[in-house]
>>> print(open('final.txt').read())   # compact mmCIF, C-alpha atoms
# COMPACT_ATOMS: atom_id res chain seq x y z
CA MET A 1 -12.08 -20.99 -3.59
CA ALA A 2 -14.72 -20.32 -6.23
CA MET A 3 -13.47 -19.64 -9.70
CA GLU A 4 -15.02 -17.46 -12.35
CA GLY A 5 -18.13 -18.95 -13.85
CA ASP A 6 -17.92 -21.93 -11.49
CA LYS A 7 -21.39 -23.16 -10.53
CA ALA A 8 -19.97 -24.04 -7.12
CA ALA A 9 -19.76 -20.34 -6.43
CA TYR A 10 -23.46 -20.51 -5.65
CA SER A 11 -24.58 -22.27 -2.52
CA GLU A 12 -27.31 -22.77 0.04
CA VAL A 13 -29.54 -24.15 -2.70
CA PRO A 14 -30.20 -27.83 -1.93
CA PRO A 15 -29.48 -30.51 -4.58
CA GLU A 16 -33.14 -30.88 -5.38
CA VAL A 17 -33.29 -27.16 -6.09
CA GLN A 18 -30.21 -27.33 -8.32
CA GLN A 19 -31.90 -30.14 -10.23
CA ASN A 20 -35.01 -28.03 -10.58
CA GLU A 21 -32.94 -25.09 -11.78
CA SER A 22 -31.35 -27.00 -14.65
CA SER A 23 -34.45 -28.84 -15.79
CA PRO A 24 -36.30 -27.46 -18.83
CA ARG A 25 -39.46 -25.41 -18.31
CA LYS A 26 -42.47 -27.72 -18.49
CA SER A 27 -45.00 -25.22 -19.81
CA PRO A 28 -43.38 -22.53 -21.98
CA PRO A 29 -45.12 -19.15 -22.21
CA PRO A 30 -46.94 -18.08 -25.37
CA PRO A 31 -44.64 -16.97 -28.22
CA SER A 32 -43.58 -13.33 -28.12
CA GLU A 33 -41.03 -11.03 -29.70
CA ASN A 34 -38.67 -11.79 -26.82
CA GLU A 35 -39.22 -15.55 -26.90
CA ASP A 36 -35.80 -16.46 -28.25
CA LYS A 37 -33.90 -13.88 -26.21
CA THR A 38 -32.37 -14.99 -22.97
CA ILE A 39 -31.23 -12.34 -20.53
CA HIS A 40 -29.95 -12.13 -17.01
CA ILE A 41 -30.05 -9.61 -14.22
CA ARG A 42 -27.79 -9.42 -11.18
CA PHE A 43 -28.63 -7.44 -8.06
CA LEU A 44 -27.65 -7.23 -4.39
CA LEU A 45 -29.35 -8.75 -1.35
CA SER A 46 -28.47 -8.55 2.32
CA ASN A 47 -27.88 -11.87 4.08
CA ALA A 48 -31.32 -11.59 5.68
CA GLU A 49 -32.97 -10.90 2.34
CA ALA A 50 -31.07 -13.79 0.74
CA GLY A 51 -32.33 -16.11 3.47
CA SER A 52 -35.88 -14.98 2.81
CA VAL A 53 -35.54 -15.63 -0.92
CA ILE A 54 -34.05 -19.10 -0.36
CA GLY A 55 -36.63 -20.18 2.21
CA LYS A 56 -36.54 -23.26 4.40
CA GLY A 57 -34.71 -26.04 2.58
CA GLY A 58 -34.84 -23.98 -0.61
CA SER A 59 -38.64 -24.03 -0.71
CA THR A 60 -39.11 -20.36 -1.61
CA ILE A 61 -36.47 -20.22 -4.35
CA ASN A 62 -37.94 -23.45 -5.77
CA GLU A 63 -41.41 -21.94 -5.85
CA ILE A 64 -40.24 -18.70 -7.51
CA GLN A 65 -38.38 -20.66 -10.18
CA SER A 66 -41.40 -22.87 -10.77
CA GLN A 67 -43.81 -19.94 -11.03
CA SER A 68 -41.60 -17.83 -13.27
CA GLY A 69 -39.65 -20.35 -15.34
CA ALA A 70 -36.46 -18.39 -14.65
CA ARG A 71 -33.25 -19.75 -13.13
CA ILE A 72 -32.01 -18.21 -9.87
CA GLN A 73 -28.44 -18.38 -8.57
CA LEU A 74 -27.09 -16.86 -5.37
CA SER A 75 -23.56 -16.21 -4.17
CA ARG A 76 -22.42 -17.98 -1.03
CA ASN A 77 -22.67 -16.55 2.42
CA PHE A 78 -19.66 -14.23 3.07
CA GLU A 79 -19.10 -13.81 -0.69
CA TYR A 80 -20.09 -10.20 -1.17
CA PHE A 81 -20.09 -7.56 -3.84
CA PRO A 82 -16.87 -5.55 -3.33
CA GLY A 83 -17.13 -2.85 -0.69
CA THR A 84 -20.50 -4.07 0.66
CA SER A 85 -21.83 -6.76 2.97
CA ASP A 86 -24.39 -7.81 0.34
CA ARG A 87 -24.60 -11.00 -1.68
CA ILE A 88 -25.29 -11.21 -5.42
CA ILE A 89 -28.35 -12.89 -6.89
CA MET A 90 -28.62 -13.66 -10.60
CA VAL A 91 -31.89 -14.35 -12.37
CA SER A 92 -31.67 -15.66 -15.94
CA GLY A 93 -34.00 -16.88 -18.66
CA ALA A 94 -36.42 -15.41 -21.18
CA VAL A 95 -37.13 -11.72 -20.63
CA GLU A 96 -40.71 -12.29 -19.42
CA ASP A 97 -39.58 -15.06 -17.06
CA VAL A 98 -36.82 -12.93 -15.58
CA LEU A 99 -39.15 -10.00 -14.98
CA LYS A 100 -41.74 -12.33 -13.39
CA ALA A 101 -39.14 -13.80 -11.02
CA VAL A 102 -37.80 -10.37 -10.04
CA ASP A 103 -41.35 -9.15 -9.43
CA LEU A 104 -41.99 -12.14 -7.12
CA ILE A 105 -38.69 -11.57 -5.28
CA LEU A 106 -39.20 -7.81 -4.82
CA SER A 107 -42.82 -8.30 -3.73
CA LYS A 108 -41.70 -10.75 -1.06
CA LEU A 109 -38.91 -8.47 0.19
CA LEU A 110 -41.25 -5.47 0.15
CA ASP A 111 -43.70 -7.29 2.41
CA GLU A 112 -41.02 -8.52 4.80
CA PHE A 113 -38.46 -5.72 4.95
CA TYR A 114 -39.83 -2.43 3.67
CA VAL A 115 -43.47 -2.03 4.68
CA GLU A 116 -43.87 0.80 7.18
CA ASP A 117 -46.71 0.55 9.65
CA GLY A 118 -49.23 3.33 9.28
CA GLY A 119 -47.66 4.56 6.04
CA GLN A 120 -49.80 6.11 3.35
CA GLY A 121 -49.53 5.18 -0.34
CA ASP A 122 -47.43 2.49 -1.96
CA PRO A 123 -44.31 1.50 0.00
CA GLU A 124 -41.04 2.31 -1.74
CA SER A 125 -37.84 0.31 -1.87
CA LYS A 126 -34.70 0.10 -3.97
CA ILE A 127 -32.91 -2.53 -6.00
CA ARG A 128 -29.18 -2.28 -6.77
CA LEU A 129 -28.33 -3.84 -10.12
CA VAL A 130 -24.80 -5.01 -10.95
CA VAL A 131 -23.91 -3.85 -14.47
CA PRO A 132 -20.53 -4.03 -16.28
CA ASN A 133 -18.79 -0.68 -16.73
CA SER A 134 -18.81 -1.12 -20.49
CA SER A 135 -22.61 -1.55 -20.55
CA CYS A 136 -23.48 1.51 -18.47
CA GLY A 137 -23.13 3.84 -21.46
CA GLY A 138 -26.14 2.18 -23.07
CA ILE A 139 -28.21 3.09 -20.01
CA ILE A 140 -26.86 6.62 -19.64
CA GLY A 141 -26.88 7.71 -23.29
CA LYS A 142 -25.29 10.76 -24.85
CA GLY A 143 -25.45 13.62 -22.38
CA GLY A 144 -27.62 11.46 -20.11
CA ALA A 145 -30.48 11.41 -22.63
CA ILE A 146 -31.36 7.71 -22.22
CA ILE A 147 -31.36 7.64 -18.42
CA ARG A 148 -33.55 10.76 -18.35
CA SER A 149 -36.07 9.08 -20.67
CA LEU A 150 -36.03 5.92 -18.50
CA ILE A 151 -36.74 7.99 -15.39
CA GLU A 152 -39.51 9.91 -17.14
CA ASP A 153 -41.17 6.76 -18.50
CA SER A 154 -40.94 4.69 -15.30
CA ARG A 155 -41.20 7.51 -12.72
CA ALA A 156 -38.55 5.62 -10.72
CA SER A 157 -35.30 7.09 -9.45
CA ILE A 158 -32.31 5.66 -11.34
CA LYS A 159 -28.76 6.38 -10.20
CA ILE A 160 -25.49 4.90 -11.47
CA SER A 161 -22.44 4.73 -9.21
CA PRO A 162 -19.28 6.37 -10.55
CA GLN A 163 -16.67 4.19 -12.18
CA ASP A 164 -13.95 3.42 -9.67
CA ASN A 165 -10.38 2.30 -10.19
CA PHE A 166 -9.49 2.10 -6.50
CA TYR A 167 -8.93 -1.66 -6.72
CA PRO A 168 -8.03 -3.75 -9.76
CA GLY A 169 -10.46 -6.47 -10.74
CA LEU A 170 -13.72 -4.56 -10.23
CA HIS A 171 -15.33 -4.02 -13.61
CA ASP A 172 -18.93 -3.50 -12.49
CA ARG A 173 -20.99 -0.56 -11.28
CA LEU A 174 -24.19 -0.37 -9.26
CA VAL A 175 -27.38 0.93 -10.86
CA THR A 176 -29.83 1.81 -8.07
CA VAL A 177 -33.52 1.84 -9.01
CA ALA A 178 -35.84 3.22 -6.30
CA GLY A 179 -39.57 3.76 -6.12
CA ALA A 180 -42.84 1.89 -5.77
CA LEU A 181 -42.82 -1.69 -7.07
CA ASP A 182 -44.62 -0.92 -10.35
CA GLU A 183 -42.21 1.96 -11.02
CA GLN A 184 -39.22 -0.25 -10.33
CA MET A 185 -40.51 -3.05 -12.55
CA ARG A 186 -41.16 -0.66 -15.44
CA ALA A 187 -37.64 0.75 -15.05
CA LEU A 188 -36.14 -2.78 -14.98
CA GLU A 189 -38.07 -3.73 -18.12
CA LEU A 190 -36.72 -0.66 -19.93
CA ILE A 191 -33.16 -1.24 -18.69
CA LEU A 192 -33.23 -4.91 -19.77
CA GLU A 193 -34.44 -3.82 -23.21
CA LYS A 194 -31.32 -1.65 -23.50
CA LEU A 195 -29.02 -4.41 -22.26
CA ALA A 196 -30.55 -7.33 -24.20
CA ASP A 197 -28.63 -6.52 -27.39
CA ASP A 198 -25.37 -5.69 -25.61
CA GLN A 199 -23.05 -8.60 -26.40
CA HIS A 200 -20.64 -7.75 -23.55
CA TYR A 201 -23.51 -7.67 -21.06
CA ARG A 202 -24.78 -11.05 -22.26
CA GLN A 203 -21.30 -12.52 -21.82
CA SER A 204 -21.11 -11.31 -18.21
CA ALA A 205 -23.55 -14.10 -17.31
CA ASN A 206 -20.69 -16.55 -17.84
CA ALA A 207 -18.91 -15.16 -14.77
CA PRO A 208 -21.78 -14.00 -12.55
CA PHE A 209 -19.69 -13.85 -9.39
CA PRO A 210 -16.08 -13.11 -10.41
CA TYR A 211 -14.97 -11.27 -7.27
CA ALA A 212 -13.71 -14.26 -5.25
CA ALA A 213 -10.91 -14.85 -7.74
CA VAL A 214 -9.35 -11.48 -6.85
CA ALA A 215 -10.23 -11.44 -3.15
CA TYR A 216 -6.73 -12.14 -1.83
CA ASN A 217 -3.27 -10.79 -2.41
CA GLY A 218 -1.01 -12.62 0.04
CA MET A 219 -1.84 -11.33 3.49
CA ASN A 220 -3.40 -8.25 1.91
CA TYR A 221 -7.16 -8.37 2.40
CA GLY A 222 -9.43 -5.82 0.77
CA PRO A 223 -13.02 -5.48 -0.41
CA ASN A 224 -11.85 -5.10 -4.03
CA GLY A 225 -14.33 -2.28 -4.29
CA ALA A 226 -14.40 1.42 -3.73
CA GLY A 227 -13.17 1.75 -0.18
CA GLY A 228 -16.68 1.66 1.23
CA LYS A 229 -18.30 3.92 -1.38
CA TYR A 230 -20.91 1.23 -2.07
CA GLN A 231 -21.54 0.38 1.59
CA ASN A 232 -25.30 -0.15 1.68
CA ASN A 233 -25.45 2.68 -0.88
CA ARG A 234 -27.24 4.80 1.72
CA PHE A 235 -24.66 7.25 2.92
CA PRO A 236 -23.27 10.27 1.04
CA ASN A 237 -19.51 10.23 0.56
CA LYS A 238 -18.37 13.04 2.83
CA GLU A 239 -14.83 11.75 3.08
CA ASP A 240 -13.78 10.37 -0.28
CA ARG A 241 -10.10 10.97 0.28
CA THR A 242 -8.17 7.79 1.03
CA SER A 243 -5.73 7.67 3.91
CA SER A 244 -3.95 5.01 5.99
CA ILE A 245 -3.19 4.31 9.62
CA THR A 246 -0.97 1.61 11.13
CA ILE A 247 -1.81 0.09 14.51
CA GLY A 248 -0.01 -2.53 16.58
CA ILE A 249 -1.62 -5.84 17.51
CA PRO A 250 0.11 -8.35 19.84
CA ASP A 251 1.53 -11.20 17.79
CA GLU A 252 -0.43 -13.80 19.78
CA HIS A 253 -3.73 -12.11 18.84
CA ILE A 254 -3.18 -11.93 15.08
CA GLY A 255 -4.89 -15.33 14.67
CA ILE A 256 -8.22 -14.07 16.03
CA VAL A 257 -8.02 -10.99 13.80
CA VAL A 258 -7.37 -13.06 10.66
CA GLY A 259 -9.74 -15.93 11.50
CA ARG A 260 -9.86 -19.39 9.94
CA GLY A 261 -9.00 -19.14 6.27
CA GLY A 262 -8.95 -15.34 6.58
CA ARG A 263 -12.70 -15.22 7.28
CA ASN A 264 -12.60 -12.66 10.13
CA ILE A 265 -10.35 -10.16 8.42
CA MET A 266 -12.19 -10.49 5.11
CA GLU A 267 -15.55 -9.94 6.81
CA MET A 268 -14.22 -6.86 8.66
CA SER A 269 -12.86 -5.53 5.38
CA GLN A 270 -16.16 -6.11 3.60
CA LEU A 271 -18.27 -4.57 6.36
CA SER A 272 -16.07 -1.51 6.84
CA GLY A 273 -15.05 -0.97 3.24
CA ALA A 274 -11.42 -0.58 4.32
CA ARG A 275 -8.38 -2.45 3.07
CA ILE A 276 -6.52 -4.29 5.85
CA LYS A 277 -2.91 -5.44 5.55
CA ILE A 278 -0.98 -7.36 8.22
CA SER A 279 2.83 -7.35 8.33
CA GLU A 280 4.78 -10.56 7.86
CA ARG A 281 5.88 -12.61 10.89
CA GLY A 282 8.80 -10.94 12.63
CA ASP A 283 7.95 -7.50 11.20
CA PHE A 284 6.98 -5.65 14.39
CA MET A 285 6.19 -2.09 15.43
CA SER A 286 9.46 -0.46 16.52
CA GLY A 287 10.48 -1.53 20.03
CA THR A 288 7.54 -3.92 20.50
CA SER A 289 6.42 -7.45 19.63
CA ASP A 290 3.26 -6.08 18.03
CA ARG A 291 2.57 -6.86 14.36
CA LYS A 292 1.78 -3.94 12.07
CA VAL A 293 -1.82 -3.72 10.88
CA THR A 294 -2.29 -1.09 8.16
CA ILE A 295 -5.84 0.08 7.45
CA THR A 296 -6.52 2.02 4.24
CA GLY A 297 -9.72 3.74 3.14
CA SER A 298 -11.94 6.70 3.93
CA GLN A 299 -11.84 8.08 7.48
CA ARG A 300 -15.19 6.47 8.20
CA ALA A 301 -14.06 3.08 6.84
CA ILE A 302 -10.82 3.24 8.84
CA HIS A 303 -12.69 4.09 12.05
CA ILE A 304 -15.14 1.17 11.58
CA ALA A 305 -12.36 -1.31 10.78
CA GLU A 306 -10.21 -0.18 13.72
CA SER A 307 -13.16 -0.55 16.11
CA MET A 308 -13.96 -4.03 14.82
CA ILE A 309 -10.32 -5.14 15.16
CA SER A 310 -10.15 -3.73 18.70
CA ARG A 311 -13.30 -5.63 19.68
CA LYS A 312 -11.87 -8.88 18.32
CA VAL A 313 -8.66 -8.44 20.32
CA ALA A 314 -10.57 -7.39 23.47
CA SER A 315 -12.74 -10.52 23.26
CA VAL A 316 -9.71 -12.80 23.69
CA SER A 317 -7.83 -10.50 26.08
CA GLU A 318 -10.69 -10.67 28.59
CA GLN A 319 -10.74 -14.48 28.64
>>> encode(input="final.txt", output="structure tokens")
Amino acid sequence: MAMEGDKAAYSEVPPEVQQNESSPRKSPPPPSENEDKTIHIRFLLSNAEAGSVIGKGGSTINEIQSQSGARIQLSRNFEYFPGTSDRIIMVSGAVEDVLKAVDLILSKLLDEFYVEDGGQGDPESKIRLVVPNSSCGGIIGKGGAIIRSLIEDSRASIKISPQDNFYPGLHDRLVTVAGALDEQMRALELILEKLADDQHYRQSANAPFPYAAVAYNGMNYGPNGAGGKYQNNRFPNKEDRTSSITIGIPDEHIGIVVGRGGRNIMEMSQLSGARIKISERGDFMSGTSDRKVTITGSQRAIHIAESMISRKVASVSEQ
């Protein structure tokens, strides 16, 4: 399992790409006030978007690194930001290099995933930044003064997810920046300016993907997030209240629910946003040989998780 700060937590980048990532930049940019400042930015990508950024054999990620001078790291497949089905990408380097790389990435994703046919004006998209709780105050400001000025200057929409203590181990929040590409890039430049002098934010680059270390608790699998509150960040939270249900699953079918190394149950937990706990062997529903499966989360998360579990069991029952 990947450990905090472990380079092995990033995959799907071929060895030649890794070599390229760690090699020094051949042609440094002209000196500037930000020349000696290194910064990083983490944001979320769907699996499809991650595949597009990597490219065949790592060709695209190699090209973006070469053009920008920034370093790009990506979490492994199935290693998601808590409560979502999205992977984490981290871009690091000098401020100008980081902004150049992000611009190249967002431009590519805009062309491939967001362009509407027949649409008028500049297409709009969103980027969800991962920012430590302790650094969000520097973006919000007293009474929201800083975030209002960022929105006014960039003309982008900037929203920060509420701090959540639903699961231990999650110390990050999502900052969603939406708008046309130039609006997003201006907002990102302003946000990075605020974060560049934040020592705690700079240290968070040492553990860019810390969630795997707290992904398991015995047979207790959960998204380590906000019970689905971050799921795609597209749906309003109509049912924030957390509840639980317990269903019975035949003992012989528990294996297909859990999956090899816990992969199935972890994926269902990530996709639904619910926490799924399976009883120990021999701990059955009263009067049956069915194991207890307890699902905890919002009503919507519970419904999704229950449906996914039922489909898994049905797939083996029909064979």
>>> axis_aligned_box(input="final.txt", around="stretch 64-76 of chain A", padding_each_side="5 Å", output="lines of an AutoDock Vina configuration file")
center_x = -33.1
center_y = -19.5
center_z = -8.2
size_x = 31.4
size_y = 16.7
size_z = 24.3
>>> atom_distance(input="final.txt", atom1="atom CA of A:Ser204", atom2="atom CA of A:Glu152")
28.1 Å
>>> residues_around(input="final.txt", residues="A:Asn47", least_positions_apart="5", cutoff="12 Å", atoms="all atoms listed in the file", output="short mmCIF file (atom, residue, chain, number, x, y, z; two decimals) with C-alpha atoms, keeping the file's coordinate frame")
data_model
loop_
_atom_site.label_atom_id
_atom_site.label_comp_id
_atom_site.auth_asym_id
_atom_site.auth_seq_id
_atom_site.Cartn_x
_atom_site.Cartn_y
_atom_site.Cartn_z
CA GLU A 12 -27.31 -22.77 0.04
CA SER A 52 -35.88 -14.98 2.81
CA VAL A 53 -35.54 -15.63 -0.92
CA ILE A 54 -34.05 -19.10 -0.36
CA LEU A 74 -27.09 -16.86 -5.37
CA SER A 75 -23.56 -16.21 -4.17
CA ARG A 76 -22.42 -17.98 -1.03
CA ASN A 77 -22.67 -16.55 2.42
CA PHE A 78 -19.66 -14.23 3.07
CA GLU A 79 -19.10 -13.81 -0.69
CA TYR A 80 -20.09 -10.20 -1.17
CA PHE A 81 -20.09 -7.56 -3.84
CA THR A 84 -20.50 -4.07 0.66
CA SER A 85 -21.83 -6.76 2.97
CA ASP A 86 -24.39 -7.81 0.34
CA ARG A 87 -24.60 -11.00 -1.68
CA ILE A 88 -25.29 -11.21 -5.42
CA ILE A 89 -28.35 -12.89 -6.89
#
>>> closest_residue(input="final.txt", among="A:Ala145, A:Leu104, A:Leu174, A:Ala48", to="A:Ala70", atoms="all atoms listed in the file")
A:Leu104
>>> atom_distance(input="final.txt", atom1="atom CA of A:Pro82", atom2="atom CA of A:Val130")
11.0 Å
>>> closest_residue(input="final.txt", among="A:Ser125, A:Ile309, A:Gly93, A:Ile158", to="A:Ile265", atoms="only C-alpha atoms")
A:Ile309
>>> closest_residue(input="final.txt", among="A:Gly141, A:Val293, A:Ser59, A:Ile160", to="A:His253", atoms="all atoms listed in the file")
A:Val293
>>> residues_around(input="final.txt", residues="A:Ile302", least_positions_apart="4", cutoff="9 Å", atoms="all atoms listed in the file", output="PyMOL selection string")
chain A and resi 243-245+272-275+295-298+306-307
>>> atom_distance(input="final.txt", atom1="atom CA of A:Leu181", atom2="atom CA of A:Ser107")
7.4 Å
>>> residues_around(input="final.txt", residues="A:Ile127", least_positions_apart="5", cutoff="9 Å", atoms="only C-alpha atoms", output="VMD selection string")
chain A and resid 43 to 45 106 175 to 178 184
>>> residues_around(input="final.txt", residues="A:Thr294", least_positions_apart="6", cutoff="6 Å", atoms="only C-alpha atoms", output="CSV table (one decimal) with C-alpha atoms, keeping the file's coordinate frame")
chain,number,residue,atom,x,y,z
A,245,ILE,CA,-3.2,4.3,9.6
A,246,THR,CA,-1.0,1.6,11.1
A,276,ILE,CA,-6.5,-4.3,5.8
A,277,LYS,CA,-2.9,-5.4,5.6
>>> residues_around(input="final.txt", residues="A:Arg155", least_positions_apart="3", cutoff="9 Å", atoms="only C-alpha atoms", output="PyMOL selection string")
chain A and resi 150-152+179+183-184+186-187
>>> decode(input="final.txt", residues="stretch 126-144 of chain A", atoms="N, CA and C atoms", output="CSV table (one decimal), in the first residue's frame")
chain,number,residue,atom,x,y,z
A,126,LYS,N,-14.7,23.6,-15.0
A,126,LYS,CA,-14.4,23.8,-13.6
A,126,LYS,C,-13.1,23.0,-13.2
A,127,ILE,N,-12.4,23.5,-12.2
A,127,ILE,CA,-11.2,22.7,-11.7
A,127,ILE,C,-11.4,22.7,-10.2
A,128,ARG,N,-11.2,21.5,-9.6
A,128,ARG,CA,-11.4,21.4,-8.2
A,128,ARG,C,-10.0,21.2,-7.5
A,129,LEU,N,-9.5,22.2,-6.9
A,129,LEU,CA,-8.2,22.2,-6.2
A,129,LEU,C,-8.3,21.5,-4.8
A,130,VAL,N,-7.3,20.9,-4.5
A,130,VAL,CA,-7.2,20.2,-3.1
A,130,VAL,C,-6.3,21.1,-2.3
A,131,VAL,N,-6.9,21.7,-1.2
A,131,VAL,CA,-6.2,22.7,-0.4
A,131,VAL,C,-6.3,22.3,1.1
A,132,PRO,N,-5.2,22.3,1.9
A,132,PRO,CA,-5.3,21.9,3.3
A,132,PRO,C,-6.3,22.9,4.0
A,133,ASN,N,-7.0,22.3,5.0
A,133,ASN,CA,-7.9,23.1,5.8
A,133,ASN,C,-7.2,24.4,6.3
A,134,SER,N,-6.0,24.2,6.8
A,134,SER,CA,-5.4,25.3,7.5
A,134,SER,C,-5.0,26.4,6.5
A,135,SER,N,-5.0,26.1,5.2
A,135,SER,CA,-4.6,27.2,4.2
A,135,SER,C,-5.8,27.9,3.6
A,136,CYS,N,-7.0,27.4,3.9
A,136,CYS,CA,-8.2,27.9,3.2
A,136,CYS,C,-8.5,29.3,3.8
A,137,GLY,N,-8.1,29.6,5.0
A,137,GLY,CA,-8.3,30.9,5.6
A,137,GLY,C,-7.6,32.0,4.8
A,138,GLY,N,-6.5,31.7,4.2
A,138,GLY,CA,-5.7,32.7,3.4
A,138,GLY,C,-6.4,33.0,2.1
A,139,ILE,N,-7.3,32.1,1.7
A,139,ILE,CA,-8.0,32.3,0.4
A,139,ILE,C,-9.4,33.0,0.7
A,140,ILE,N,-9.9,32.7,1.9
A,140,ILE,CA,-11.2,33.3,2.2
A,140,ILE,C,-11.1,34.7,2.8
A,141,GLY,N,-10.2,34.9,3.7
A,141,GLY,CA,-10.0,36.2,4.3
A,141,GLY,C,-11.0,36.6,5.3
A,142,LYS,N,-10.8,37.6,6.1
A,142,LYS,CA,-11.7,38.1,7.1
A,142,LYS,C,-13.0,38.5,6.5
A,143,GLY,N,-14.1,37.8,7.0
A,143,GLY,CA,-15.4,38.1,6.5
A,143,GLY,C,-15.6,37.8,5.0
A,144,GLY,N,-14.7,37.0,4.4
A,144,GLY,CA,-14.8,36.6,3.0
A,144,GLY,C,-14.2,37.7,2.1
